[in-house]
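Quick look at work_28.tsv (TSV, N, CA and C atoms):
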```tsv
chain	number	residue	atom	x	y	z
A	1	MET	N	-18.15	-29.41	10.02
A	1	MET	CA	-18.31	-30.26	8.85
A	1	MET	C	-16.97	-30.84	8.40
A	2	ASN	N	-15.90	-30.06	8.52
A	2	ASN	CA	-14.58	-30.55	8.12
A	2	ASN	C	-14.17	-31.77	8.93
A	3	LEU	N	-14.53	-31.76	10.24
A	3	LEU	CA	-14.19	-32.90	11.09
A	3	LEU	C	-14.86	-34.17	10.58
A	4	ILE	N	-16.16	-34.11	10.31
A	4	ILE	CA	-16.88	-35.30	9.83
A	4	ILE	C	-16.34	-35.72	8.46
A	5	LEU	N	-16.07	-34.76	7.61
A	5	LEU	CA	-15.55	-35.06	6.27
A	5	LEU	C	-14.23	-35.83	6.36
A	6	THR	N	-13.35	-35.39	7.24
A	6	THR	CA	-12.06	-36.07	7.44
A	6	THR	C	-12.27	-37.50	7.93
A	7	ILE	N	-13.20	-37.67	8.87
A	7	ILE	CA	-13.46	-39.01	9.42
A	7	ILE	C	-14.08	-39.91	8.36
A	8	LEU	N	-15.05	-39.39	7.59
A	8	LEU	CA	-15.70	-40.21	6.56
A	8	LEU	C	-14.68	-40.73	5.55
A	9	ARG	N	-13.69	-39.92	5.24
A	9	ARG	CA	-12.66	-40.34	4.28
A	9	ARG	C	-11.87	-41.54	4.79
A	10	ASN	N	-11.87	-41.76	6.11
A	10	ASN	CA	-11.11	-42.87	6.70
A	10	ASN	C	-11.95	-44.11	6.98
A	11	ILE	N	-13.25	-44.01	6.78
A	11	ILE	CA	-14.13	-45.16	7.00
A	11	ILE	C	-14.11	-46.01	5.73
A	12	PRO	N	-13.70	-47.27	5.85
A	12	PRO	CA	-13.54	-48.11	4.65
A	12	PRO	C	-14.74	-48.10	3.71
A	13	LEU	N	-15.96	-48.10	4.23
A	13	LEU	CA	-17.14	-48.11	3.36
A	13	LEU	C	-17.27	-46.85	2.52
A	14	PHE	N	-16.69	-45.74	2.98
A	14	PHE	CA	-16.89	-44.45	2.32
A	14	PHE	C	-15.62	-43.90	1.67
A	15	LYS	N	-14.53	-44.64	1.74
A	15	LYS	CA	-13.24	-44.14	1.25
A	15	LYS	C	-13.25	-43.73	-0.21
A	16	SER	N	-13.93	-44.45	-1.06
A	16	SER	CA	-13.88	-44.20	-2.50
A	16	SER	C	-14.85	-43.11	-2.96
A	17	LEU	N	-15.62	-42.53	-2.04
A	17	LEU	CA	-16.60	-41.52	-2.42
A	17	LEU	C	-15.94	-40.17	-2.69
A	18	THR	N	-16.57	-39.38	-3.51
A	18	THR	CA	-16.09	-38.02	-3.79
A	18	THR	C	-16.48	-37.10	-2.62
A	19	GLU	N	-15.91	-35.92	-2.61
A	19	GLU	CA	-16.25	-34.95	-1.56
A	19	GLU	C	-17.75	-34.61	-1.60
A	20	GLU	N	-18.30	-34.48	-2.78
A	20	GLU	CA	-19.73	-34.19	-2.94
A	20	GLU	C	-20.57	-35.32	-2.35
A	21	GLU	N	-20.16	-36.57	-2.60
A	21	GLU	CA	-20.89	-37.73	-2.07
A	21	GLU	C	-20.76	-37.79	-0.54
A	22	HIS	N	-19.57	-37.45	-0.03
A	22	HIS	CA	-19.40	-37.39	1.43
A	22	HIS	C	-20.36	-36.36	2.02
A	23	LYS	N	-20.49	-35.22	1.35
A	23	LYS	CA	-21.38	-34.17	1.84
A	23	LYS	C	-22.84	-34.63	1.84
A	24	SER	N	-23.21	-35.46	0.89
A	24	SER	CA	-24.57	-36.02	0.87
A	24	SER	C	-24.80	-36.88	2.11
A	25	ILE	N	-23.79	-37.63	2.51
A	25	ILE	CA	-23.90	-38.46	3.72
A	25	ILE	C	-23.99	-37.56	4.95
A	26	ILE	N	-23.15	-36.53	5.00
A	26	ILE	CA	-23.13	-35.62	6.15
A	26	ILE	C	-24.51	-34.99	6.37
A	27	ASP	N	-25.22	-34.72	5.28
A	27	ASP	CA	-26.56	-34.14	5.40
A	27	ASP	C	-27.53	-35.03	6.16
A	28	HIS	N	-27.20	-36.32	6.28
A	28	HIS	CA	-28.07	-37.28	6.96
A	28	HIS	C	-27.58	-37.63	8.37
A	29	ILE	N	-26.49	-37.03	8.79
A	29	ILE	CA	-25.92	-37.31	10.11
A	29	ILE	C	-26.47	-36.32	11.12
A	30	THR	N	-26.81	-36.82	12.31
A	30	THR	CA	-27.28	-35.94	13.39
A	30	THR	C	-26.29	-36.00	14.56
A	31	MET	N	-26.20	-34.91	15.30
A	31	MET	CA	-25.37	-34.87	16.50
A	31	MET	C	-26.26	-35.22	17.69
A	32	GLN	N	-25.78	-36.15	18.53
A	32	GLN	CA	-26.55	-36.50	19.72
A	32	GLN	C	-25.62	-36.45	20.93
A	33	TYR	N	-26.21	-36.13	22.07
A	33	TYR	CA	-25.46	-36.05	23.33
A	33	TYR	C	-25.89	-37.22	24.21
A	34	PHE	N	-24.90	-37.89	24.80
A	34	PHE	CA	-25.16	-39.02	25.67
A	34	PHE	C	-24.41	-38.83	26.98
A	35	PRO	N	-25.06	-39.10	28.11
A	35	PRO	CA	-24.37	-38.98	29.39
A	35	PRO	C	-23.42	-40.16	29.61
A	36	ALA	N	-22.55	-40.03	30.59
A	36	ALA	CA	-21.64	-41.13	30.95
A	36	ALA	C	-22.47	-42.35	31.36
A	37	HIS	N	-21.98	-43.52	31.01
A	37	HIS	CA	-22.56	-44.82	31.35
A	37	HIS	C	-23.90	-45.08	30.67
A	38	TYR	N	-24.08	-44.49	29.49
A	38	TYR	CA	-25.28	-44.71	28.69
A	38	TYR	C	-25.00	-45.86	27.72
A	39	LYS	N	-25.87	-46.86	27.70
A	39	LYS	CA	-25.71	-47.98	26.78
A	39	LYS	C	-26.27	-47.58	25.40
A	40	LEU	N	-25.36	-47.47	24.44
A	40	LEU	CA	-25.77	-47.12	23.08
A	40	LEU	C	-26.48	-48.29	22.43
A	41	PHE	N	-25.95	-49.50	22.65
A	41	PHE	CA	-26.60	-50.71	22.19
A	41	PHE	C	-25.99	-51.91	22.90
A	42	GLU	N	-26.73	-53.01	22.92
A	42	GLU	CA	-26.30	-54.27	23.54
A	42	GLU	C	-25.90	-55.26	22.46
A	43	LYS	N	-25.06	-56.19	22.83
A	43	LYS	CA	-24.72	-57.30	21.93
A	43	LYS	C	-26.01	-58.07	21.62
A	44	GLY	N	-26.16	-58.48	20.36
A	44	GLY	CA	-27.30	-59.30	19.97
A	44	GLY	C	-28.47	-58.52	19.39
A	45	VAL	N	-28.51	-57.19	19.60
A	45	VAL	CA	-29.61	-56.41	19.01
A	45	VAL	C	-29.27	-56.10	17.56
A	46	LEU	N	-30.30	-55.93	16.76
A	46	LEU	CA	-30.11	-55.61	15.36
A	46	LEU	C	-29.54	-54.20	15.23
A	47	GLY	N	-28.46	-54.08	14.47
A	47	GLY	CA	-27.83	-52.77	14.29
A	47	GLY	C	-28.69	-51.85	13.45
A	48	ASN	N	-28.81	-50.59	13.88
A	48	ASN	CA	-29.63	-49.65	13.13
A	48	ASN	C	-28.95	-48.30	12.91
A	49	ALA	N	-27.65	-48.20	13.23
A	49	ALA	CA	-26.94	-46.93	13.06
A	49	ALA	C	-25.44	-47.14	13.15
A	50	MET	N	-24.70	-46.15	12.63
A	50	MET	CA	-23.26	-46.09	12.86
A	50	MET	C	-22.99	-44.83	13.66
A	51	TYR	N	-21.85	-44.80	14.34
A	51	TYR	CA	-21.52	-43.73	15.27
A	51	TYR	C	-20.12	-43.19	15.00
A	52	ILE	N	-19.98	-41.86	15.12
A	52	ILE	CA	-18.68	-41.21	15.03
A	52	ILE	C	-18.56	-40.33	16.28
A	53	ILE	N	-17.54	-40.57	17.06
A	53	ILE	CA	-17.37	-39.83	18.33
A	53	ILE	C	-16.75	-38.47	18.05
A	54	LYS	N	-17.48	-37.43	18.39
A	54	LYS	CA	-16.92	-36.07	18.29
A	54	LYS	C	-16.09	-35.79	19.54
A	55	SER	N	-16.65	-36.10	20.71
A	55	SER	CA	-15.91	-35.97	21.95
A	55	SER	C	-16.43	-36.97	22.96
A	56	GLY	N	-15.52	-37.47	23.78
A	56	GLY	CA	-15.89	-38.43	24.81
A	56	GLY	C	-15.21	-39.77	24.61
A	57	VAL	N	-15.59	-40.72	25.45
A	57	VAL	CA	-14.99	-42.05	25.44
A	57	VAL	C	-16.10	-43.10	25.46
A	58	VAL	N	-15.98	-44.09	24.58
A	58	VAL	CA	-16.95	-45.19	24.47
A	58	VAL	C	-16.20	-46.51	24.59
A	59	ARG	N	-16.77	-47.42	25.36
A	59	ARG	CA	-16.18	-48.75	25.43
A	59	ARG	C	-17.03	-49.72	24.62
A	60	ILE	N	-16.34	-50.60	23.91
A	60	ILE	CA	-16.98	-51.68	23.16
A	60	ILE	C	-16.67	-52.95	23.95
A	61	TYR	N	-17.69	-53.74	24.24
A	61	TYR	CA	-17.50	-54.88	25.14
A	61	TYR	C	-18.39	-56.05	24.73
A	62	ASN	N	-18.03	-57.22	25.26
A	62	ASN	CA	-18.90	-58.38	25.18
A	62	ASN	C	-18.81	-59.12	26.51
A	63	GLU	N	-19.36	-60.32	26.57
A	63	GLU	CA	-19.40	-61.04	27.85
A	63	GLU	C	-18.01	-61.37	28.40
A	64	SER	N	-16.99	-61.40	27.56
A	64	SER	CA	-15.64	-61.70	28.05
A	64	SER	C	-14.89	-60.45	28.50
A	65	GLY	N	-15.48	-59.25	28.32
A	65	GLY	CA	-14.85	-58.03	28.80
A	65	GLY	C	-14.76	-56.96	27.74
A	66	ASP	N	-13.89	-55.99	28.01
A	66	ASP	CA	-13.73	-54.86	27.08
A	66	ASP	C	-12.95	-55.29	25.84
A	67	LEU	N	-13.45	-54.88	24.69
A	67	LEU	CA	-12.79	-55.17	23.42
A	67	LEU	C	-12.01	-53.97	22.90
A	68	ALA	N	-12.54	-52.75	23.16
A	68	ALA	CA	-11.88	-51.54	22.68
A	68	ALA	C	-12.38	-50.34	23.48
A	69	THR	N	-11.52	-49.35	23.55
A	69	THR	CA	-11.91	-48.05	24.11
A	69	THR	C	-11.72	-47.04	22.98
A	70	LEU	N	-12.80	-46.38	22.60
A	70	LEU	CA	-12.78	-45.46	21.47
A	70	LEU	C	-12.91	-44.03	21.97
A	71	LYS	N	-12.24	-43.13	21.27
A	71	LYS	CA	-12.21	-41.72	21.67
A	71	LYS	C	-12.55	-40.82	20.51
A	72	ASP	N	-12.29	-39.53	20.70
A	72	ASP	CA	-12.59	-38.52	19.69
A	72	ASP	C	-12.15	-38.98	18.29
A	73	ASN	N	-13.05	-38.80	17.33
A	73	ASN	CA	-12.84	-39.10	15.90
A	73	ASN	C	-12.88	-40.58	15.55
A	74	ASP	N	-13.04	-41.46	16.53
A	74	ASP	CA	-13.19	-42.89	16.23
A	74	ASP	C	-14.63	-43.13	15.77
A	75	PHE	N	-14.82	-44.22	15.03
A	75	PHE	CA	-16.15	-44.58	14.55
A	75	PHE	C	-16.39	-46.05	14.80
A	76	PHE	N	-17.66	-46.44	14.85
A	76	PHE	CA	-18.01	-47.84	15.05
A	76	PHE	C	-19.44	-48.08	14.58
A	77	GLY	N	-19.74	-49.34	14.30
A	77	GLY	CA	-21.09	-49.73	13.92
A	77	GLY	C	-21.44	-49.54	12.46
A	78	GLU	N	-20.43	-49.22	11.62
A	78	GLU	CA	-20.72	-48.89	10.22
A	78	GLU	C	-21.28	-50.06	9.43
A	79	MET	N	-20.96	-51.29	9.81
A	79	MET	CA	-21.47	-52.45	9.07
A	79	MET	C	-22.99	-52.59	9.24
A	80	ALA	N	-23.54	-52.00	10.28
A	80	ALA	CA	-25.00	-52.05	10.49
A	80	ALA	C	-25.76	-51.31	9.40
A	81	LEU	N	-25.07	-50.40	8.71
A	81	LEU	CA	-25.74	-49.67	7.63
A	81	LEU	C	-26.03	-50.58	6.44
A	82	ILE	N	-25.25	-51.63	6.29
A	82	ILE	CA	-25.35	-52.53	5.14
A	82	ILE	C	-26.00	-53.85	5.52
A	83	GLU	N	-25.56	-54.41	6.63
A	83	GLU	CA	-26.02	-55.75	7.04
A	83	GLU	C	-27.23	-55.66	7.97
A	84	SER	N	-28.02	-56.70	7.96
A	84	SER	CA	-29.10	-56.85	8.94
A	84	SER	C	-28.71	-57.99	9.85
A	85	GLN	N	-27.71	-57.73	10.67
A	85	GLN	CA	-27.16	-58.74	11.57
A	85	GLN	C	-27.20	-58.20	13.00
A	86	PRO	N	-27.28	-59.11	13.97
A	86	PRO	CA	-27.20	-58.66	15.36
A	86	PRO	C	-25.80	-58.09	15.66
A	87	ARG	N	-25.74	-57.14	16.56
A	87	ARG	CA	-24.46	-56.57	16.98
A	87	ARG	C	-23.59	-57.65	17.60
A	88	MET	N	-22.30	-57.58	17.29
A	88	MET	CA	-21.33	-58.56	17.81
A	88	MET	C	-20.83	-58.17	19.21
A	89	ALA	N	-21.11	-56.94	19.62
A	89	ALA	CA	-20.68	-56.44	20.92
A	89	ALA	C	-21.62	-55.32	21.35
A	90	GLY	N	-21.49	-54.91	22.60
A	90	GLY	CA	-22.24	-53.77	23.10
A	90	GLY	C	-21.37	-52.54	23.10
A	91	ALA	N	-22.01	-51.37	23.28
A	91	ALA	CA	-21.27	-50.11	23.35
A	91	ALA	C	-21.88	-49.25	24.46
A	92	GLU	N	-21.01	-48.68	25.28
A	92	GLU	CA	-21.44	-47.84	26.40
A	92	GLU	C	-20.52	-46.64	26.52
A	93	THR	N	-21.11	-45.48	26.79
A	93	THR	CA	-20.29	-44.28	27.00
A	93	THR	C	-19.61	-44.38	28.37
A	94	LEU	N	-18.34	-43.97	28.42
A	94	LEU	CA	-17.62	-43.93	29.70
A	94	LEU	C	-17.57	-42.51	30.24
A	95	SER	N	-17.89	-41.55	29.39
A	95	SER	CA	-17.94	-40.15	29.79
A	95	SER	C	-19.10	-39.50	29.05
A	96	ASP	N	-19.39	-38.25	29.37
A	96	ASP	CA	-20.36	-37.53	28.56
A	96	ASP	C	-19.81	-37.49	27.14
A	97	CYS	N	-20.66	-37.73	26.15
A	97	CYS	CA	-20.20	-37.83	24.76
A	97	CYS	C	-21.07	-37.01	23.82
A	98	GLU	N	-20.41	-36.47	22.80
A	98	GLU	CA	-21.08	-35.90	21.65
A	98	GLU	C	-20.77	-36.86	20.51
A	99	ILE	N	-21.82	-37.42	19.93
A	99	ILE	CA	-21.64	-38.46	18.92
A	99	ILE	C	-22.48	-38.14	17.69
A	100	PHE	N	-21.84	-38.21	16.52
A	100	PHE	CA	-22.56	-38.09	15.26
A	100	PHE	C	-23.18	-39.45	14.96
A	101	VAL	N	-24.46	-39.48	14.61
A	101	VAL	CA	-25.18	-40.73	14.35
A	101	VAL	C	-25.74	-40.71	12.94
A	102	LEU	N	-25.49	-41.79	12.21
A	102	LEU	CA	-26.09	-41.98	10.90
A	102	LEU	C	-27.01	-43.20	10.99
A	103	ASN	N	-28.32	-42.94	10.93
A	103	ASN	CA	-29.30	-44.02	11.04
A	103	ASN	C	-29.40	-44.81	9.74
A	104	LYS	N	-29.68	-46.09	9.90
A	104	LYS	CA	-29.78	-46.99	8.76
A	104	LYS	C	-30.87	-46.55	7.78
A	105	GLU	N	-32.02	-46.09	8.29
A	105	GLU	CA	-33.12	-45.67	7.41
A	105	GLU	C	-32.70	-44.48	6.55
A	106	ASP	N	-32.02	-43.51	7.18
A	106	ASP	CA	-31.56	-42.34	6.43
A	106	ASP	C	-30.53	-42.75	5.39
A	107	PHE	N	-29.64	-43.65	5.77
A	107	PHE	CA	-28.62	-44.12	4.85
A	107	PHE	C	-29.25	-44.86	3.67
A	108	ALA	N	-30.25	-45.71	3.96
A	108	ALA	CA	-30.94	-46.46	2.91
A	108	ALA	C	-31.65	-45.51	1.94
A	109	ALA	N	-32.26	-44.45	2.46
A	109	ALA	CA	-32.93	-43.47	1.60
A	109	ALA	C	-31.91	-42.78	0.70
A	110	LEU	N	-30.75	-42.46	1.24
A	110	LEU	CA	-29.69	-41.84	0.45
A	110	LEU	C	-29.21	-42.80	-0.64
A	111	MET	N	-29.07	-44.07	-0.32
A	111	MET	CA	-28.61	-45.07	-1.29
A	111	MET	C	-29.61	-45.20	-2.44
A	112	GLN	N	-30.89	-45.13	-2.12
A	112	GLN	CA	-31.92	-45.21	-3.17
A	112	GLN	C	-31.88	-43.99	-4.08
A	113	LYS	N	-31.63	-42.84	-3.46
A	113	LYS	CA	-31.61	-41.58	-4.21
A	113	LYS	C	-30.35	-41.44	-5.05
A	114	SER	N	-29.26	-42.06	-4.63
A	114	SER	CA	-27.99	-41.90	-5.33
A	114	SER	C	-27.36	-43.25	-5.69
A	115	PRO	N	-27.65	-43.77	-6.88
A	115	PRO	CA	-27.09	-45.05	-7.30
A	115	PRO	C	-25.56	-45.06	-7.34
A	116	ASP	N	-24.93	-43.92	-7.63
A	116	ASP	CA	-23.46	-43.87	-7.66
A	116	ASP	C	-22.87	-44.15	-6.28
A	117	ILE	N	-23.44	-43.51	-5.26
A	117	ILE	CA	-22.97	-43.76	-3.89
A	117	ILE	C	-23.24	-45.21	-3.51
A	118	ALA	N	-24.43	-45.69	-3.82
A	118	ALA	CA	-24.80	-47.07	-3.48
A	118	ALA	C	-23.83	-48.07	-4.10
A	119	LYS	N	-23.46	-47.85	-5.36
A	119	LYS	CA	-22.54	-48.77	-6.04
A	119	LYS	C	-21.16	-48.77	-5.37
A	120	LYS	N	-20.64	-47.59	-5.06
A	120	LYS	CA	-19.32	-47.49	-4.43
A	120	LYS	C	-19.31	-48.11	-3.03
A	121	VAL	N	-20.37	-47.86	-2.27
A	121	VAL	CA	-20.45	-48.42	-0.92
A	121	VAL	C	-20.57	-49.95	-1.00
A	122	GLU	N	-21.36	-50.45	-1.92
A	122	GLU	CA	-21.52	-51.90	-2.09
A	122	GLU	C	-20.19	-52.55	-2.47
A	123	GLU	N	-19.44	-51.92	-3.36
A	123	GLU	CA	-18.12	-52.45	-3.75
A	123	GLU	C	-17.17	-52.48	-2.57
A	124	ALA	N	-17.16	-51.41	-1.79
A	124	ALA	CA	-16.29	-51.35	-0.60
A	124	ALA	C	-16.71	-52.41	0.41
A	125	TYR	N	-18.02	-52.60	0.58
A	125	TYR	CA	-18.53	-53.60	1.50
A	125	TYR	C	-18.10	-55.00	1.06
A	126	GLN	N	-18.27	-55.32	-0.23
A	126	GLN	CA	-17.88	-56.63	-0.74
A	126	GLN	C	-16.38	-56.87	-0.57
A	127	SER	N	-15.58	-55.86	-0.85
A	127	SER	CA	-14.13	-55.96	-0.71
A	127	SER	C	-13.76	-56.25	0.74
A	128	ARG	N	-14.39	-55.52	1.65
A	128	ARG	CA	-14.10	-55.72	3.08
A	128	ARG	C	-14.56	-57.10	3.54
A	129	LYS	N	-15.71	-57.53	3.06
A	129	LYS	CA	-16.25	-58.84	3.42
A	129	LYS	C	-15.33	-59.96	2.89
A	130	ASP	N	-14.84	-59.80	1.67
A	130	ASP	CA	-13.92	-60.78	1.07
A	130	ASP	C	-12.62	-60.87	1.86
A	131	GLN	N	-12.12	-59.73	2.36
A	131	GLN	CA	-10.89	-59.72	3.15
A	131	GLN	C	-11.07	-60.45	4.48
A	132	ASN	N	-12.27	-60.39	5.04
A	132	ASN	CA	-12.54	-61.01	6.34
A	132	ASN	C	-12.96	-62.46	6.22
A	133	SER	N	-13.10	-62.97	5.01
A	133	SER	CA	-13.53	-64.37	4.81
A	133	SER	C	-12.37	-65.32	4.94
```
Please express what this file holds, its structure, as structure tokens.
Amino acid sequence: MNLILTILRNIPLFKSLTEEEHKSIIDHITMQYFPAHYKLFEKGVLGNAMYIIKSGVVRIYNESGDLATLKDNDFFGEMALIESQPRMAGAETLSDCEIFVLNKEDFAALMQKSPDIAKKVEEAYQSRKDQNS
């Protein structure tokens, strides 16, 4: 749990949350195992989860090639929790991976149950969106 807590503190959407609020999110995260060369998602599909790598290597790619290689404690796909947009890139495991997954439905249920968390996440999302505009 300490590992996920440390990572959540570094995710821009969750930075302003309290430790108790982080723990509420952790309660909705599941650990999943993926073999090497498993496609987590393709570019263009609607995002439905965010991922935190516990162990292993994941490549993020598009039609022009590799965009990033992510390893232990890296995270990706967090904007899918807020936006209903197609993925901008695909993701594939390069090795056997243990990955923490937070599904959009679980996250949405948590946001409905906790207006304080929802407000902080929305503010962080707007701030990040404004920076990228």
Emit as AutoDock Vina command-line options the padded axis-aligned box for all listed atoms of segment 79-95 of chain A, 4 Å per side, with centre and edge lengths in Å to one decimal.
```
--center_x -23.3 --center_y -49.3 --center_z 17.7 --size_x 19.5 --size_y 27.6 --size_z 33.1
```
Please identify the helix (DSSP H, G or I) residues within chain A (assignment by DSSP from backbone atoms) and present them as a ChimeraX atom specification. /A:2-10,12-14,19-26,78-81,104-113,115-132
Determine, counting all atoms listed in the file, which protein, DNA and RNA residues have an atom within 7 Å of an atom of Lys71 of chain A; residues of the same chain fewer than 6 positions away are not included. Present the result as a compact mmCIF listing (two decimals) with N, CA and C atoms, in the frame of the given file.
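Final output, saved to out-v1.txt:
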```txt
# COMPACT_ATOMS: atom_id res chain seq x y z
N ILE A 53 -17.54 -40.57 17.06
CA ILE A 53 -17.37 -39.83 18.33
C ILE A 53 -16.75 -38.47 18.05
N LYS A 54 -17.48 -37.43 18.39
CA LYS A 54 -16.92 -36.07 18.29
C LYS A 54 -16.09 -35.79 19.54
N SER A 55 -16.65 -36.10 20.71
CA SER A 55 -15.91 -35.97 21.95
C SER A 55 -16.43 -36.97 22.96
N GLY A 56 -15.52 -37.47 23.78
CA GLY A 56 -15.89 -38.43 24.81
C GLY A 56 -15.21 -39.77 24.61
N VAL A 57 -15.59 -40.72 25.45
CA VAL A 57 -14.99 -42.05 25.44
C VAL A 57 -16.10 -43.10 25.46
N VAL A 58 -15.98 -44.09 24.58
CA VAL A 58 -16.95 -45.19 24.47
C VAL A 58 -16.20 -46.51 24.59
```
Of the residues A:Lys129, A:Lys39, A:Thr93, A:Asp116, which is the one nearest to Thr69 of chain A, using only C-alpha atoms? A:Thr93
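Taking atom CA of Lys104 of chain A and atom N of Glu63 of chain A as endpoints, the distance between them is 24.6 Å.
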Show me, as a PDB file with N, CA and C atoms, keeping the file's coordinate frame, the residues that have an atom within 8 Å of Tyr51 of chain A when counting only C-alpha atoms, minus same-chain residues fewer than 3 positions from it.
```pdb
ATOM      1  N   PHE A  75     -14.820 -44.220  15.030  1.00  0.00           N
ATOM      2  CA  PHE A  75     -16.150 -44.580  14.550  1.00  0.00           C
ATOM      3  C   PHE A  75     -16.390 -46.050  14.800  1.00  0.00           C
ATOM      4  N   PHE A  76     -17.660 -46.440  14.850  1.00  0.00           N
ATOM      5  CA  PHE A  76     -18.010 -47.840  15.050  1.00  0.00           C
ATOM      6  C   PHE A  76     -19.440 -48.080  14.580  1.00  0.00           C
ATOM      7  N   GLY A  77     -19.740 -49.340  14.300  1.00  0.00           N
ATOM      8  CA  GLY A  77     -21.090 -49.730  13.920  1.00  0.00           C
ATOM      9  C   GLY A  77     -21.440 -49.540  12.460  1.00  0.00           C
ATOM     10  N   GLU A  78     -20.430 -49.220  11.620  1.00  0.00           N
ATOM     11  CA  GLU A  78     -20.720 -48.890  10.220  1.00  0.00           C
ATOM     12  C   GLU A  78     -21.280 -50.060   9.430  1.00  0.00           C
ATOM     13  N   ILE A  99     -21.820 -37.420  19.930  1.00  0.00           N
ATOM     14  CA  ILE A  99     -21.640 -38.460  18.920  1.00  0.00           C
ATOM     15  C   ILE A  99     -22.480 -38.140  17.690  1.00  0.00           C
ATOM     16  N   PHE A 100     -21.840 -38.210  16.520  1.00  0.00           N
ATOM     17  CA  PHE A 100     -22.560 -38.090  15.260  1.00  0.00           C
ATOM     18  C   PHE A 100     -23.180 -39.450  14.960  1.00  0.00           C
ATOM     19  N   VAL A 101     -24.460 -39.480  14.610  1.00  0.00           N
ATOM     20  CA  VAL A 101     -25.180 -40.730  14.350  1.00  0.00           C
ATOM     21  C   VAL A 101     -25.740 -40.710  12.940  1.00  0.00           C
ATOM     22  N   LEU A 102     -25.490 -41.790  12.210  1.00  0.00           N
ATOM     23  CA  LEU A 102     -26.090 -41.980  10.900  1.00  0.00           C
ATOM     24  C   LEU A 102     -27.010 -43.200  10.990  1.00  0.00           C
TER      25      LEU A 102
END
```
Nearest candidate to Pro86 of chain A (options A:Lys43, A:His22, A:Arg9, A:His37; using only N, CA and C atoms): A:Lys43
Figure out the distance between atom CA of Arg59 of chain A and atom N of Asn73 of chain A, please, to one decimal in Å.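 We find that atom N of Asn73 of chain A and atom CA of Arg59 of chain A lie 13.2 Å from each other.
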Just list the residues in chain A DSSP gives strand (DSSP E) on the backbone, as a count of residues only. 39
My list of candidates is A:Leu40, A:Ala118, A:Met79, A:Val45. Which is closest to Ala91 of chain A when distances are computed with only C-alpha atoms?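 Once distances to Ala91 of chain A are computed over only C-alpha atoms, the minimum belongs to A:Leu40.
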Got a sec: who's within 8 Å of segment 14-20 of chain A, counting all atoms listed in the file, leaving out chain neighbours fewer than 2 positions off, as a list in words? Leu5, Ile7, Leu8, Arg9, Asn10, Ile11, Pro12, His22, Lys23, Ser24, Ile25, Ile26, Asp116, Ile117, Lys120, Val121, Ala124 and Tyr125 of chain A
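Using only N, CA and C atoms, the nearest neighbour of Ala36 of chain A within the list A:Glu122, A:Ser95, A:Asp130, A:Asn103 is A:Ser95.
Minimum distance to Phe34 of chain A across A:Ile4, A:Arg128, A:Asp96, A:Pro115 (counting only N, CA and C atoms) occurs at A:Asp96.
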